[in-house]
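Asks: Next up, target32.pdb (PDB, C-alpha atoms).
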```pdb
ATOM      1  CA  MET A   1     -47.584  76.552 -81.186
ATOM      2  CA  LYS A   2     -48.402  75.957 -77.535
ATOM      3  CA  SER A   3     -46.095  76.992 -74.721
ATOM      4  CA  ILE A   4     -45.877  75.849 -71.126
ATOM      5  CA  PRO A   5     -43.883  77.013 -68.087
ATOM      6  CA  ALA A   6     -40.979  74.752 -67.086
ATOM      7  CA  GLY A   7     -42.460  73.978 -63.657
ATOM      8  CA  GLU A   8     -45.727  72.782 -65.163
ATOM      9  CA  PHE A   9     -43.811  70.801 -67.805
ATOM     10  CA  LYS A  10     -41.840  69.081 -65.045
ATOM     11  CA  ALA A  11     -45.053  68.054 -63.261
ATOM     12  CA  ARG A  12     -46.811  66.796 -66.428
ATOM     13  CA  CYS A  13     -43.828  65.688 -68.520
ATOM     14  CA  LEU A  14     -44.958  62.171 -69.533
ATOM     15  CA  ALA A  15     -48.500  63.234 -70.443
ATOM     16  CA  LEU A  16     -47.186  66.172 -72.475
ATOM     17  CA  MET A  17     -44.746  63.910 -74.328
ATOM     18  CA  ASP A  18     -47.610  61.549 -75.217
ATOM     19  CA  ASN A  19     -49.657  64.512 -76.418
ATOM     20  CA  VAL A  20     -46.838  65.771 -78.671
ATOM     21  CA  GLN A  21     -46.383  62.279 -80.078
ATOM     22  CA  ASN A  22     -50.096  61.887 -80.846
ATOM     23  CA  THR A  23     -50.820  65.378 -82.196
ATOM     24  CA  ARG A  24     -47.383  65.915 -83.845
ATOM     25  CA  GLU A  25     -47.596  69.532 -82.574
ATOM     26  CA  PRO A  26     -44.429  71.008 -81.010
ATOM     27  CA  LEU A  27     -44.474  72.437 -77.491
ATOM     28  CA  VAL A  28     -42.334  75.371 -76.332
ATOM     29  CA  ILE A  29     -41.075  75.216 -72.741
ATOM     30  CA  THR A  30     -40.585  78.604 -71.112
ATOM     31  CA  LYS A  31     -38.713  79.829 -68.062
ATOM     32  CA  ARG A  32     -39.784  83.201 -66.653
ATOM     33  CA  GLY A  33     -41.768  83.767 -69.851
ATOM     34  CA  LYS A  34     -38.806  83.232 -72.194
ATOM     35  CA  PRO A  35     -38.541  80.156 -74.466
ATOM     36  CA  VAL A  36     -35.741  77.812 -73.391
ATOM     37  CA  ALA A  37     -36.588  74.534 -75.137
ATOM     38  CA  LYS A  38     -38.889  73.013 -77.723
ATOM     39  CA  LEU A  39     -40.379  69.524 -77.509
ATOM     40  CA  VAL A  40     -40.947  68.183 -81.014
ATOM     41  CA  PRO A  41     -42.170  64.789 -82.207
ATOM     42  CA  ALA A  42     -39.455  62.305 -83.146
ATOM     43  CA  ASP A  43     -38.942  61.440 -86.808
ATOM     44  CA  ASP A  44     -40.568  58.253 -88.009
ATOM     45  CA  VAL A  45     -37.592  55.874 -88.309
ATOM     46  CA  SER A  46     -39.664  52.847 -89.258
ATOM     47  CA  ARG A  47     -39.497  53.664 -92.981
ATOM     48  CA  ASN A  48     -37.656  51.081 -95.061
ATOM     49  CA  PHE A  49     -34.635  51.977 -97.136
ATOM     50  CA  ILE A  50     -36.265  50.603-100.276
ATOM     51  CA  GLY A  51     -38.963  52.978-101.396
ATOM     52  CA  ARG A  52     -37.694  55.835 -99.254
ATOM     53  CA  LEU A  53     -37.534  58.230-102.223
ATOM     54  CA  GLU A  54     -40.993  57.367-103.534
ATOM     55  CA  GLY A  55     -42.697  60.554-104.621
ATOM     56  CA  ILE A  56     -39.400  62.466-104.524
ATOM     57  CA  VAL A  57     -37.419  60.887-107.382
ATOM     58  CA  ARG A  58     -38.859  60.026-110.761
ATOM     59  CA  ILE A  59     -37.171  57.502-113.075
ATOM     60  CA  VAL A  60     -37.311  58.550-116.707
ATOM     61  CA  GLY A  61     -36.263  56.202-119.493
ATOM     62  CA  ASP A  62     -34.629  52.798-119.410
ATOM     63  CA  ILE A  63     -32.483  52.424-116.289
ATOM     64  CA  GLU A  64     -31.013  49.084-117.410
ATOM     65  CA  ARG A  65     -29.560  50.177-120.743
ATOM     66  CA  PRO A  66     -26.146  51.888-120.727
ATOM     67  CA  VAL A  67     -26.095  55.610-121.453
ATOM     68  CA  VAL A  68     -23.353  55.115-124.057
ATOM     69  CA  PRO A  69     -23.945  52.430-126.726
ATOM     70  CA  LEU A  70     -21.860  49.293-126.178
ATOM     71  CA  GLU A  71     -20.356  49.598-129.682
ATOM     72  CA  SER A  72     -18.520  52.764-128.660
ATOM     73  CA  TRP A  73     -16.855  51.123-125.632
ATOM     74  CA  LYS A  74     -13.151  50.409-125.991
ATOM     75  CA  VAL A  75     -11.850  47.364-124.226
ATOM     76  CA  LEU A  76      -8.261  47.446-123.004
ATOM     77  CA  ARG A  77      -6.469  44.120-123.132
TER
END
```
Kindly return the structure encoded in the file as structure tokens.

Replies:
Amino acid sequence: MKSIPAGEFKARCLALMDNVQNTREPLVITKRGKPVAKLVPADDVSRNFIGRLEGIVRIVGDIERPVVPLESWKVLR
């Protein structure tokens, strides 16, 4: 991970932000040699809600059929 002094970050802020966005590599900002902040790329918020869990969740079996057979349901009247 790269680091940069705060004074240099202040002078080159916009270019450094573009670089972090393009490379997706975080940047540590230091003051007197000690880390004080980290510039990280923003999360990609353009993902749609539908399909968000693709590759994470796997559907097994029939998702339309009830888990319990309909014959065992008791209807209250």

Asks: Need to verify the contact set: segment 41-58 of chain A, 8 Å, all atoms listed in the file, exclusion of same-chain residues closer than 5 positions in sequence. Can you return it as a PDB file with C-alpha atoms, keeping the file's coordinate frame?

Replies:
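Just written: around.pdb:
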```
ATOM      1  CA  VAL A  20     -46.838  65.771 -78.671  1.00  0.00           C
ATOM      2  CA  GLN A  21     -46.383  62.279 -80.078  1.00  0.00           C
ATOM      3  CA  ARG A  24     -47.383  65.915 -83.845  1.00  0.00           C
ATOM      4  CA  GLU A  25     -47.596  69.532 -82.574  1.00  0.00           C
ATOM      5  CA  PRO A  26     -44.429  71.008 -81.010  1.00  0.00           C
TER       6      PRO A  26
END
```

Asks: To verify the selection step, state as a list in words which residues the PyMOL selection byres ((chain A and resi 37) around 12) yields on this input.

Replies: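 Listing what the PyMOL selection byres ((chain A and resi 37) around 12) selects in the shown file: Ser3, Ile4, Pro5, Ala6, Phe9, Pro26, Leu27, Val28, Ile29, Thr30, Lys31, Gly33, Lys34, Pro35, Val36, Lys38, Leu39 and Val40 of chain A.
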
Asks: What does the structure give for the distance between atom CA of Asn22 of chain A and atom CA of Met1 of chain A, in Å to one decimal?

Replies: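 Separating atom CA of Asn22 of chain A from atom CA of Met1 of chain A is a distance of 14.9 Å.
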